[in-house]
Each structure stands twice: as C-alpha cells, then as structure tokens.
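Below you'll find the structure, written out as structure tokens, and then a few comments.
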Amino acid sequence: MYTIWTTKQVLQFAKPGDEVVLRGWVYRKREFRDKIFVLLRDGEGVVQLVFAKDRPEVYDIAAKLNIESSIIVKGVVKEEQRAPGGKEVHVSDVIWFFVGEPFPINPSAAQADSEYLLDVRHLWIRSRKMWAVLRIRHTVFEAIHEYFRSRGFYEVQCPIFVSAAVEGGATLFPVKYFDREDVYLTQSAQFYLEALIYSLEKVYTVAPSFRAEPSRTRRHLTEFWHAEAEMAWARLHDVMNVCEELITHVVRKVLDERLEELSILGRDTEKLERVKPPFPRVLYDEAIEMLQKMGFNVKWGDDLGADEERALMQKFDTPIHLYGFPEEVKAFYHKNDPQDPKRTLSVDVLAPEGYGEIIGGGERIEDPDELVRKIKKFGLRPEDYYWYIDLRKYGSVPHAGFGLGVDRLVMWICGLDHIRDAVPFPRDIRRVKP
Ligand code: 4AD
Ligand code: MG
C-alpha cells in the first residue's frame, strides 16, 4: 500500500527527492519536446506532473489522457520555479487511470456561452472559478453557524411544506399534496421561528426558501438558502447589531481563510476589509431624498427596486442599514412604529458595490388585535394565520428577527455578476436541470 499526498501537501511539505503518490483529474495538458506536462487537480489545488518519453510505460498513458481523465501516479518531487507552487512531480508509475471521453467544455469557449455552461453545470462545477466559489460558500455557511451558536442562539428546523404565505401570495409555489390545494413550499421560516422563541428565546435556522419569482434577474433564484433568526425581547436596534456583527464575522472569516480563492475570482479584498461595525443607519426618508437628488422619480411610500438600491449604494463603501420603511411596502407582520404609525420598525441591510438588499428584518407585532387588523388590512384571512395569531395570546413579548439571503451574501463576497454563480445547481424560472 501507499500513502496518498494531496496536491497541497506536496506543495507545502514535500522535499526535492521525496517519492509521493498523488491522485486527481487532468486540469491541463501540454506536450513540449520529449515530455508531457499535466496539471493534476484534486480537491485542494493543482500540481504539475511530468511524463518523460524515455519512460514509455508512463508516457504512453499520459499521451492518451483527456482533460478531466482521472489518474493515480507515483513520482519524485523536484523544484521547478516555472511550475505552479514551485514544484513538480516526475512520474515513475501510473498506478491507476481512467481516460473516459473528451471533456465537452474547453477553457477558451468557457466564458462565451453561459447558457451552455448552465446546461453542463454538473461538469462546470469542476472549474477553478466554481471551485473557488464553492469553497468560499462552505466557509460562509460555517461562519454563520459559528456566529449564531457562539452568541447563544439555538439551531432549529422548520417545515418546508406550509399552508400560508409569509411574504405575499404572488410568489407562493403550490405543491401537489395528496388531494389538498392549500399546500405550498415555504418562503421563509419566520413564523415558525416566532413560535420557537417562546420555548428557546433565541433561535436560528439555515434552510432553503422558495419564491415563484416570475422574472429572471441577477439576484433572484426560485430556490435560495435563507439564514433566519428570531429573538424574544428584542428591538429593531438589536436586529441591526446582530446583522452587522454576523456579516462582519462572515466576511472576516472568508478573508482569513479564503484569500487564495478570492484571488482566483479576482476579488478586490480591500473592499471587504472595510466591512466593520457599526454600519451606517439610513432612514428610509433620507434614502428617498438622496434618490430624488440623483434624479430618480421616487416619493415617500414607494418601494425601492434593484436600480434604486444600486444608485443609493454608490454613496457608501460598506453595507448599510436602511430602516423605517412605510407600512405599505413591508409584509403585514411588521410592527408599525408607535411614534410614527405610517412607518414600520423594519430594516433591510444593503451590500455595497451595487449589490443591494441581502437582509430583511425588523420588529414583529406582539398585540393580537393589532395583528388581526393588519392581516385584514392586507386583504388576508385571519383563519389562515390562526396559530400565528395564537402566539400573541399566551405570554406575548416584544420580539424581532431577520432573514439573510445566503446566496446573495456569497455573490457579494465573491464579487460575482450573477447570483446563479454563487450556487452549484441554481434554480430559476427556466431552469430545474441539472
Ligand atoms: O426580505 P425577505 O423577503 O424577508 C423575509 O423572508 C423575512 N420573512 C425574513 C425574516 O425576517 N425572517 O427575504 C430575506 C432575504 C432577502 O433580503 C434576500 O437576501 C433573500 O432573502 N431573498 C432571496 N435571495 C435569492 N432569491 C430570491 N428570490 C430571494 N428572495 C429573498
Ligand atoms: Mg426584502
């Protein structure tokens, strides 16, 4: 038997003259004079392999290899400044290999047709770009759990099949559920989290949410990952504090652990270094004024779309809290400000560099009569929300929470043009394959 070295271990620890066994996939291959150079890719990185013609038993195999063929080789480490990482492995034995068919994606065509790359997504996830994004995504999820668990939040799991809208009926996905017609995929775990605070006080969940988004945009998926938290006894400013700490923690961890991946993506990390609490707190009214000055045709009471958010965020180089939205642009469960009842105690966190909304949250209504009044005002039926109203009848307390779109956070941290590149197998209005 033999010990397998990863490419990373070879580059970090192997000394010239060491014999190593490596395994992985052919990332690049080129012939030069009497040698074949293969860049071998594994889960950790790449190492250059050299197959010499005067060893026909290995050279002839190398000659047959395609891009993405798999192989296990034994060889001797040499220093080579021109190789990535400054080392290469001169192959003495091929222990195992699988040639397979010619790989259908070629690097020069790669950028040309993004629809094609989505069709072959099951293969494109092997690319350096997707490799880098997926590793950053891994660290983002890890950091989210780390943050909540270290701050006394309990992790909970909520149902995916639900029977009422949280964020409005227009984006509900109906599900064929036996003979019923009132079952949907969840848009948000929020109402279940609100129930759970009466048991655990501070709760969070990281789970998929679903929205039947009718348009294809750069920042909407039909299935996205949602990190949501809810806190008993909390107010709007508590939500803002938790959101900015959470985002700062995630960005810090990615900067500490994923610099190589950020550099593969060409990310300007100085922009991420600026992310530190406190984030500027911008009242909705100020944002409207700023937009009017920029020539936007908006007035108090309007919702802000992607274009307005992008324009607004040109004024800031860190994320901001945009708070105090009018009642009519926020879902019914938002608590109205007792000092100024036409607005809600709501907040969106907007990311800089034009990315816009990544978090929505705020205070919830704790009074049962007020809740029923707003449900009716929004044209909804109180009976659909009977259990949600029930929560206000037994030991109701002020509480608040938020939902973070994890894919949007990954998109911004990675500096991607499109949210679907933040996800291994994206779903949108046209695409449910692969
Ligand atoms: O602003 P939203 O709709 O808020 C809620 O769902 C609340 N119930 C959350 C809560 O308070 N517990 O969604 C929250 C975040 C958005 O800011 C956005 O980042 C993300 O979820 N999001 C989407 N991400 C990708 N594709 C979509 N279609 C998204 N819709 C929302
Ligand atoms: Mg929102």
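Residues are referred to by chain and number: the chain letter is A, B, ... according to the order shown in the structure tokens, the number counts from 1 in that chain, and ligands are numbered separately from 1 in the order shown.
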Residues within 7 Å of ligand 1, counting only C-alpha atoms and all ligand atoms: report them as a PDB file with C-alpha atoms, in the first residue's frame.
```
ATOM      1  CA  VAL A 166     -45.273  34.818   4.780  1.00  0.00           C
ATOM      2  CA  GLU A 167     -44.103  37.184   2.033  1.00  0.00           C
ATOM      3  CA  GLN A 187     -40.995  31.362   1.559  1.00  0.00           C
ATOM      4  CA  SER A 188     -39.471  31.902   4.999  1.00  0.00           C
ATOM      5  CA  ALA A 189     -39.260  30.035   8.315  1.00  0.00           C
ATOM      6  CA  GLN A 190     -40.036  33.230  10.189  1.00  0.00           C
ATOM      7  CA  ARG A 211     -40.202  32.036  -4.291  1.00  0.00           C
ATOM      8  CA  GLU A 213     -40.180  34.798  -8.896  1.00  0.00           C
ATOM      9  CA  ARG A 219     -30.234  38.438  -7.796  1.00  0.00           C
ATOM     10  CA  HIS A 220     -33.319  36.209  -7.706  1.00  0.00           C
ATOM     11  CA  LEU A 221     -33.498  32.446  -7.588  1.00  0.00           C
ATOM     12  CA  THR A 222     -36.636  30.363  -7.161  1.00  0.00           C
ATOM     13  CA  GLU A 223     -34.837  28.277  -4.511  1.00  0.00           C
ATOM     14  CA  PHE A 224     -32.402  30.066  -2.227  1.00  0.00           C
ATOM     15  CA  HIS A 226     -32.032  31.534   3.933  1.00  0.00           C
ATOM     16  CA  GLU A 228     -33.070  33.391   9.634  1.00  0.00           C
ATOM     17  CA  ALA A 229     -33.014  34.356  13.295  1.00  0.00           C
ATOM     18  CA  ASP A 348     -33.004  45.965   5.140  1.00  0.00           C
ATOM     19  CA  GLU A 357     -30.501  44.016  -0.312  1.00  0.00           C
ATOM     20  CA  ILE A 358     -29.072  40.970   1.423  1.00  0.00           C
ATOM     21  CA  ILE A 359     -31.168  41.033   4.631  1.00  0.00           C
ATOM     22  CA  GLY A 360     -34.763  41.879   5.526  1.00  0.00           C
ATOM     23  CA  GLY A 361     -35.975  42.061   9.118  1.00  0.00           C
ATOM     24  CA  GLY A 362     -37.416  44.061  11.970  1.00  0.00           C
ATOM     25  CA  GLY A 401     -35.711  38.919  13.750  1.00  0.00           C
ATOM     26  CA  PHE A 402     -34.400  38.838  10.225  1.00  0.00           C
ATOM     27  CA  GLY A 403     -33.637  36.729   7.178  1.00  0.00           C
ATOM     28  CA  LEU A 404     -30.313  36.774   5.330  1.00  0.00           C
ATOM     29  CA  GLY A 405     -30.126  35.599   1.711  1.00  0.00           C
ATOM     30  CA  VAL A 406     -27.001  33.455   1.897  1.00  0.00           C
ATOM     31  CA  ASP A 407     -26.577  33.149  -1.879  1.00  0.00           C
ATOM     32  CA  ARG A 408     -26.695  36.942  -2.191  1.00  0.00           C
TER      33      ARG A 408
END
```
Return as a ChimeraX atom specification the full set of residues in segment 190-263 of chain A whose backbone-based DSSP assignment is strand (DSSP E). /A:202-210,223-232
Could you dump the residues just selected with all heavy atoms as a compact mmCIF listing (two decimals), in the first residue's frame?
```
# COMPACT_ATOMS: atom_id res chain seq x y z
N LYS A 202 -33.87 32.52 21.80
CA LYS A 202 -33.09 32.97 20.63
C LYS A 202 -32.88 31.78 19.71
O LYS A 202 -32.24 30.80 20.11
CB LYS A 202 -31.73 33.53 21.07
CG LYS A 202 -31.83 34.93 21.69
CD LYS A 202 -30.58 35.29 22.46
CE LYS A 202 -29.40 35.54 21.55
NZ LYS A 202 -28.22 36.10 22.28
N VAL A 203 -33.41 31.86 18.51
CA VAL A 203 -33.33 30.71 17.60
C VAL A 203 -32.86 31.15 16.22
O VAL A 203 -32.98 32.31 15.84
CB VAL A 203 -34.70 30.00 17.45
CG1 VAL A 203 -35.12 29.35 18.76
CG2 VAL A 203 -35.78 30.96 16.94
N TYR A 204 -32.29 30.18 15.48
CA TYR A 204 -31.95 30.44 14.09
C TYR A 204 -32.10 29.17 13.28
O TYR A 204 -32.12 28.06 13.83
CB TYR A 204 -30.52 30.99 13.97
CG TYR A 204 -29.44 29.95 13.98
CD1 TYR A 204 -28.88 29.49 12.78
CD2 TYR A 204 -28.97 29.40 15.17
CE1 TYR A 204 -27.86 28.54 12.78
CE2 TYR A 204 -27.96 28.44 15.17
CZ TYR A 204 -27.41 28.01 13.98
OH TYR A 204 -26.43 27.06 13.96
N THR A 205 -32.20 29.34 11.98
CA THR A 205 -32.22 28.20 11.08
C THR A 205 -31.54 28.59 9.77
O THR A 205 -31.56 29.76 9.38
CB THR A 205 -33.67 27.71 10.84
OG1 THR A 205 -33.63 26.42 10.23
CG2 THR A 205 -34.46 28.66 9.96
N VAL A 206 -30.93 27.62 9.12
CA VAL A 206 -30.35 27.85 7.79
C VAL A 206 -30.98 26.80 6.89
O VAL A 206 -30.78 25.60 7.10
CB VAL A 206 -28.82 27.69 7.80
CG1 VAL A 206 -28.24 28.00 6.42
CG2 VAL A 206 -28.19 28.61 8.85
N ALA A 207 -31.79 27.23 5.95
CA ALA A 207 -32.61 26.29 5.19
C ALA A 207 -33.00 26.90 3.84
O ALA A 207 -32.90 28.11 3.66
CB ALA A 207 -33.88 25.98 5.98
N PRO A 208 -33.46 26.07 2.92
CA PRO A 208 -33.93 26.65 1.66
C PRO A 208 -35.27 27.36 1.81
O PRO A 208 -36.10 26.95 2.62
CB PRO A 208 -34.09 25.44 0.72
CG PRO A 208 -33.70 24.24 1.50
CD PRO A 208 -33.55 24.61 2.93
N SER A 209 -35.45 28.42 1.06
CA SER A 209 -36.75 29.08 0.91
C SER A 209 -37.06 29.12 -0.57
O SER A 209 -36.15 29.03 -1.40
CB SER A 209 -36.71 30.51 1.45
OG SER A 209 -36.79 30.54 2.86
N PHE A 210 -38.33 29.25 -0.89
CA PHE A 210 -38.77 29.15 -2.29
C PHE A 210 -39.62 30.36 -2.65
O PHE A 210 -40.47 30.77 -1.86
CB PHE A 210 -39.56 27.86 -2.49
CG PHE A 210 -38.78 26.64 -2.09
CD1 PHE A 210 -38.77 26.19 -0.77
CD2 PHE A 210 -38.01 25.96 -3.03
CE1 PHE A 210 -38.03 25.08 -0.39
CE2 PHE A 210 -37.26 24.85 -2.66
CZ PHE A 210 -37.27 24.41 -1.34
N GLU A 223 -35.21 29.02 -5.73
CA GLU A 223 -34.84 28.28 -4.51
C GLU A 223 -33.57 28.92 -3.98
O GLU A 223 -32.57 28.97 -4.71
CB GLU A 223 -34.59 26.81 -4.88
CG GLU A 223 -34.08 25.96 -3.76
CD GLU A 223 -33.84 24.51 -4.20
OE1 GLU A 223 -34.58 24.00 -5.06
OE2 GLU A 223 -32.90 23.91 -3.68
N PHE A 224 -33.61 29.44 -2.78
CA PHE A 224 -32.40 30.07 -2.23
C PHE A 224 -32.21 29.64 -0.78
O PHE A 224 -33.13 29.14 -0.14
CB PHE A 224 -32.46 31.60 -2.35
CG PHE A 224 -33.50 32.27 -1.48
CD1 PHE A 224 -33.15 32.81 -0.24
CD2 PHE A 224 -34.82 32.38 -1.88
CE1 PHE A 224 -34.09 33.44 0.57
CE2 PHE A 224 -35.78 33.00 -1.07
CZ PHE A 224 -35.42 33.52 0.15
N TRP A 225 -31.01 29.86 -0.28
CA TRP A 225 -30.70 29.49 1.11
C TRP A 225 -30.86 30.70 2.00
O TRP A 225 -30.35 31.78 1.70
CB TRP A 225 -29.31 28.86 1.22
CG TRP A 225 -29.41 27.43 0.83
CD1 TRP A 225 -29.47 26.93 -0.44
CD2 TRP A 225 -29.54 26.31 1.71
NE1 TRP A 225 -29.63 25.57 -0.40
CE2 TRP A 225 -29.67 25.15 0.90
CE3 TRP A 225 -29.56 26.15 3.10
CZ2 TRP A 225 -29.82 23.87 1.45
CZ3 TRP A 225 -29.70 24.88 3.63
CH2 TRP A 225 -29.82 23.76 2.81
N HIS A 226 -31.58 30.47 3.08
CA HIS A 226 -32.03 31.53 3.93
C HIS A 226 -31.51 31.27 5.35
O HIS A 226 -31.74 30.19 5.90
CB HIS A 226 -33.57 31.47 3.93
CG HIS A 226 -34.27 32.76 4.10
ND1 HIS A 226 -35.63 32.91 3.88
CD2 HIS A 226 -33.81 33.98 4.47
CE1 HIS A 226 -35.98 34.16 4.12
NE2 HIS A 226 -34.90 34.83 4.47
N ALA A 227 -30.77 32.21 5.90
CA ALA A 227 -30.35 32.12 7.31
C ALA A 227 -31.24 33.08 8.09
O ALA A 227 -31.19 34.29 7.87
CB ALA A 227 -28.89 32.50 7.46
N GLU A 228 -32.09 32.55 8.95
CA GLU A 228 -33.07 33.39 9.63
C GLU A 228 -32.91 33.25 11.14
O GLU A 228 -32.62 32.16 11.65
CB GLU A 228 -34.49 32.99 9.22
CG GLU A 228 -34.76 33.24 7.75
CD GLU A 228 -36.20 32.88 7.37
OE1 GLU A 228 -36.44 31.72 7.03
OE2 GLU A 228 -37.05 33.77 7.43
N ALA A 229 -33.14 34.36 11.83
CA ALA A 229 -33.01 34.36 13.30
C ALA A 229 -34.18 35.12 13.90
O ALA A 229 -34.74 36.03 13.28
CB ALA A 229 -31.70 35.01 13.72
N GLU A 230 -34.53 34.76 15.11
CA GLU A 230 -35.61 35.43 15.82
C GLU A 230 -35.24 35.49 17.30
O GLU A 230 -34.69 34.54 17.84
CB GLU A 230 -36.91 34.63 15.60
CG GLU A 230 -38.19 35.39 15.82
CD GLU A 230 -38.46 36.52 14.81
OE1 GLU A 230 -38.02 36.42 13.65
OE2 GLU A 230 -39.11 37.50 15.22
N MET A 231 -35.53 36.65 17.92
CA MET A 231 -35.12 36.85 19.32
C MET A 231 -36.28 37.41 20.15
O MET A 231 -36.87 38.43 19.77
CB MET A 231 -33.98 37.88 19.39
CG MET A 231 -32.74 37.48 18.62
SD MET A 231 -31.55 38.86 18.52
CE MET A 231 -32.19 39.78 17.14
N ALA A 232 -36.56 36.75 21.28
CA ALA A 232 -37.54 37.30 22.22
C ALA A 232 -36.96 38.55 22.87
O ALA A 232 -35.74 38.67 23.00
CB ALA A 232 -37.86 36.26 23.30
```
Who sits within 12 Å of Trp131 of chain A, only C-alpha atoms, same chain under 2 positions skipped, as a ChimeraX atom specification: /A:41-46,123-129,133-138,258,260-262,264-265,414,421-424
Just-selected residues, C-alpha atoms written as a PDB file, in the first residue's frame:
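File again-v4.pdb, as written:
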```pdb
ATOM      1  CA  ARG A  41      -6.158  18.827  -9.957  1.00  0.00           C
ATOM      2  CA  ASP A  42      -7.534  17.409  -6.723  1.00  0.00           C
ATOM      3  CA  GLY A  43      -9.941  18.834  -4.156  1.00  0.00           C
ATOM      4  CA  GLU A  44      -7.226  21.069  -2.720  1.00  0.00           C
ATOM      5  CA  GLY A  45      -5.346  22.521  -5.664  1.00  0.00           C
ATOM      6  CA  VAL A  46      -3.061  21.719  -8.622  1.00  0.00           C
ATOM      7  CA  LEU A 123     -19.315  19.294 -15.194  1.00  0.00           C
ATOM      8  CA  TRP A 124     -18.649  23.056 -14.925  1.00  0.00           C
ATOM      9  CA  ILE A 125     -18.580  22.858 -11.111  1.00  0.00           C
ATOM     10  CA  ARG A 126     -15.095  21.351 -11.613  1.00  0.00           C
ATOM     11  CA  SER A 127     -13.802  24.685 -12.979  1.00  0.00           C
ATOM     12  CA  ARG A 128     -11.391  26.798 -10.920  1.00  0.00           C
ATOM     13  CA  LYS A 129     -13.991  29.551 -10.697  1.00  0.00           C
ATOM     14  CA  VAL A 133     -16.847  29.959  -5.105  1.00  0.00           C
ATOM     15  CA  LEU A 134     -17.871  26.647  -3.535  1.00  0.00           C
ATOM     16  CA  ARG A 135     -15.023  26.788  -1.036  1.00  0.00           C
ATOM     17  CA  ILE A 136     -15.917  30.362  -0.062  1.00  0.00           C
ATOM     18  CA  ARG A 137     -19.567  29.295   0.206  1.00  0.00           C
ATOM     19  CA  HIS A 138     -18.528  26.478   2.534  1.00  0.00           C
ATOM     20  CA  ARG A 258     -10.054  32.020   1.664  1.00  0.00           C
ATOM     21  CA  GLU A 260      -6.423  32.148  -2.450  1.00  0.00           C
ATOM     22  CA  GLU A 261      -9.990  31.563  -3.614  1.00  0.00           C
ATOM     23  CA  LEU A 262     -10.782  35.300  -3.577  1.00  0.00           C
ATOM     24  CA  ILE A 264      -8.734  33.237  -8.222  1.00  0.00           C
ATOM     25  CA  LEU A 265     -12.001  35.185  -8.554  1.00  0.00           C
ATOM     26  CA  CYS A 414     -17.132  36.712  -4.264  1.00  0.00           C
ATOM     27  CA  ASP A 421     -22.778  31.550  -9.939  1.00  0.00           C
ATOM     28  CA  ALA A 422     -22.966  31.588  -6.147  1.00  0.00           C
ATOM     29  CA  VAL A 423     -24.859  28.273  -6.198  1.00  0.00           C
ATOM     30  CA  PRO A 424     -23.754  24.869  -7.508  1.00  0.00           C
TER      31      PRO A 424
END
```
What are the DSSP helix (DSSP H, G or I) residues of segment 5-209 of chain A, as an NGL selection string? :A and (7-13 or 56-64 or 84-86 or 114-119 or 121-124 or 128-150 or 169-171 or 190-200)
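Non-sequential neighbours of Leu391 of chain A (distance at most 12 Å, separation of 5 or more positions within a chain, only C-alpha atoms) are Phe191, Tyr192, Leu193, Glu194, Ala195, Leu196, Ile197, Tyr198, Ser199, Arg364, Ile365, Glu366, Asp367, Pro368, Leu371, Tyr385, Tyr386, Ser396, Val397, Pro398 and His399 of chain A.
Among the candidates A:Tyr323, A:Phe141, A:Phe13, A:Trp5, the residue lying nearest to ligand 2 is A:Tyr323 (atoms considered: only C-alpha atoms and all ligand atoms).
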Can you pull out the residues contacting segment 14-29 of chain A? Cut-off 7 Å, using only C-alpha atoms, and skip same-chain residues under 6 positions away; I want them as a PyMOL selection string. chain A and resi 3-6+37-42+67-79
Those residues you just picked out, can you put them in a file as a PDB file, in the first residue's frame with N, CA and C atoms?
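Produced file out-v5.pdb, reproduced below:
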```
ATOM      1  N   THR A   3       0.828   5.792   0.744  1.00  0.00           N
ATOM      2  CA  THR A   3       0.126   6.944   1.317  1.00  0.00           C
ATOM      3  C   THR A   3      -0.179   7.930   0.205  1.00  0.00           C
ATOM      4  N   ILE A   4      -1.399   8.426   0.183  1.00  0.00           N
ATOM      5  CA  ILE A   4      -1.766   9.426  -0.819  1.00  0.00           C
ATOM      6  C   ILE A   4      -1.403  10.821  -0.295  1.00  0.00           C
ATOM      7  N   TRP A   5      -0.744  11.597  -1.120  1.00  0.00           N
ATOM      8  CA  TRP A   5      -0.488  13.004  -0.802  1.00  0.00           C
ATOM      9  C   TRP A   5      -1.525  13.854  -1.532  1.00  0.00           C
ATOM     10  N   THR A   6      -1.993  14.898  -0.892  1.00  0.00           N
ATOM     11  CA  THR A   6      -2.805  15.852  -1.647  1.00  0.00           C
ATOM     12  C   THR A   6      -1.850  16.810  -2.371  1.00  0.00           C
ATOM     13  N   PHE A  37       3.420  17.536 -20.001  1.00  0.00           N
ATOM     14  CA  PHE A  37       3.161  18.191 -18.712  1.00  0.00           C
ATOM     15  C   PHE A  37       1.665  18.127 -18.437  1.00  0.00           C
ATOM     16  N   VAL A  38       1.326  17.628 -17.258  1.00  0.00           N
ATOM     17  CA  VAL A  38      -0.083  17.559 -16.865  1.00  0.00           C
ATOM     18  C   VAL A  38      -0.243  18.356 -15.584  1.00  0.00           C
ATOM     19  N   LEU A  39      -1.219  19.262 -15.576  1.00  0.00           N
ATOM     20  CA  LEU A  39      -1.569  19.885 -14.295  1.00  0.00           C
ATOM     21  C   LEU A  39      -2.615  18.988 -13.668  1.00  0.00           C
ATOM     22  N   LEU A  40      -2.263  18.380 -12.543  1.00  0.00           N
ATOM     23  CA  LEU A  40      -3.170  17.474 -11.854  1.00  0.00           C
ATOM     24  C   LEU A  40      -3.957  18.269 -10.820  1.00  0.00           C
ATOM     25  N   ARG A  41      -5.272  18.085 -10.858  1.00  0.00           N
ATOM     26  CA  ARG A  41      -6.158  18.827  -9.957  1.00  0.00           C
ATOM     27  C   ARG A  41      -6.761  17.838  -8.969  1.00  0.00           C
ATOM     28  N   ASP A  42      -6.738  18.188  -7.682  1.00  0.00           N
ATOM     29  CA  ASP A  42      -7.534  17.409  -6.723  1.00  0.00           C
ATOM     30  C   ASP A  42      -8.422  18.392  -5.964  1.00  0.00           C
ATOM     31  N   ILE A  67      -8.544  15.940 -20.935  1.00  0.00           N
ATOM     32  CA  ILE A  67      -8.870  16.858 -19.850  1.00  0.00           C
ATOM     33  C   ILE A  67      -9.936  16.166 -18.995  1.00  0.00           C
ATOM     34  N   GLU A  68      -9.745  16.163 -17.688  1.00  0.00           N
ATOM     35  CA  GLU A  68     -10.654  15.560 -16.705  1.00  0.00           C
ATOM     36  C   GLU A  68     -10.565  14.041 -16.607  1.00  0.00           C
ATOM     37  N   SER A  69      -9.636  13.411 -17.340  1.00  0.00           N
ATOM     38  CA  SER A  69      -9.369  11.997 -17.061  1.00  0.00           C
ATOM     39  C   SER A  69      -8.862  11.889 -15.626  1.00  0.00           C
ATOM     40  N   SER A  70      -9.103  10.729 -15.000  1.00  0.00           N
ATOM     41  CA  SER A  70      -8.661  10.562 -13.612  1.00  0.00           C
ATOM     42  C   SER A  70      -7.451   9.632 -13.563  1.00  0.00           C
ATOM     43  N   ILE A  71      -6.607   9.848 -12.537  1.00  0.00           N
ATOM     44  CA  ILE A  71      -5.331   9.124 -12.524  1.00  0.00           C
ATOM     45  C   ILE A  71      -4.737   9.076 -11.117  1.00  0.00           C
ATOM     46  N   ILE A  72      -4.042   7.977 -10.827  1.00  0.00           N
ATOM     47  CA  ILE A  72      -3.223   7.901  -9.607  1.00  0.00           C
ATOM     48  C   ILE A  72      -1.784   7.628 -10.060  1.00  0.00           C
ATOM     49  N   VAL A  73      -0.852   8.470  -9.613  1.00  0.00           N
ATOM     50  CA  VAL A  73       0.547   8.313 -10.064  1.00  0.00           C
ATOM     51  C   VAL A  73       1.516   8.304  -8.875  1.00  0.00           C
ATOM     52  N   LYS A  74       2.661   7.670  -9.132  1.00  0.00           N
ATOM     53  CA  LYS A  74       3.765   7.767  -8.179  1.00  0.00           C
ATOM     54  C   LYS A  74       4.893   8.532  -8.876  1.00  0.00           C
ATOM     55  N   GLY A  75       5.638   9.343  -8.120  1.00  0.00           N
ATOM     56  CA  GLY A  75       6.719  10.081  -8.759  1.00  0.00           C
ATOM     57  C   GLY A  75       7.627  10.746  -7.748  1.00  0.00           C
ATOM     58  N   VAL A  76       8.632  11.432  -8.269  1.00  0.00           N
ATOM     59  CA  VAL A  76       9.637  12.074  -7.423  1.00  0.00           C
ATOM     60  C   VAL A  76       9.497  13.599  -7.538  1.00  0.00           C
ATOM     61  N   VAL A  77       9.551  14.260  -6.398  1.00  0.00           N
ATOM     62  CA  VAL A  77       9.376  15.717  -6.349  1.00  0.00           C
ATOM     63  C   VAL A  77      10.663  16.418  -6.769  1.00  0.00           C
ATOM     64  N   LYS A  78      10.532  17.430  -7.623  1.00  0.00           N
ATOM     65  CA  LYS A  78      11.680  18.272  -7.965  1.00  0.00           C
ATOM     66  C   LYS A  78      11.284  19.736  -7.830  1.00  0.00           C
ATOM     67  N   GLU A  79      12.274  20.571  -7.567  1.00  0.00           N
ATOM     68  CA  GLU A  79      11.982  22.005  -7.574  1.00  0.00           C
ATOM     69  C   GLU A  79      11.916  22.488  -9.007  1.00  0.00           C
TER      70      GLU A  79
END
```
With only C-alpha atoms and all ligand atoms as the basis for distance, which of A:Lys176, A:His334, A:Arg274, A:Lys64 is at the shortest distance from ligand 2? A:His334
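Each of A:Gly295, A:Val47, A:Pro278, A:Arg180 was checked against Pro84 of chain A using only C-alpha atoms; the smallest atom-to-atom distance is that of A:Val47.
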Here is a test: counting only C-alpha atoms and all ligand atoms, which residue of A:Arg310, A:Lys293, A:Lys330, A:Arg30 is nearest to ligand 2? A:Lys330
Kindly indicate which residue among A:Trp412, A:Val175, A:Phe325, A:Ile320 lies nearest to ligand 2, using only C-alpha atoms and all ligand atoms for the distances. A:Phe325
Counting only C-alpha atoms and all ligand atoms, closest pick from A:Pro352, A:Gly85, A:Gly168, A:Gly100 relative to ligand 2 is A:Gly168
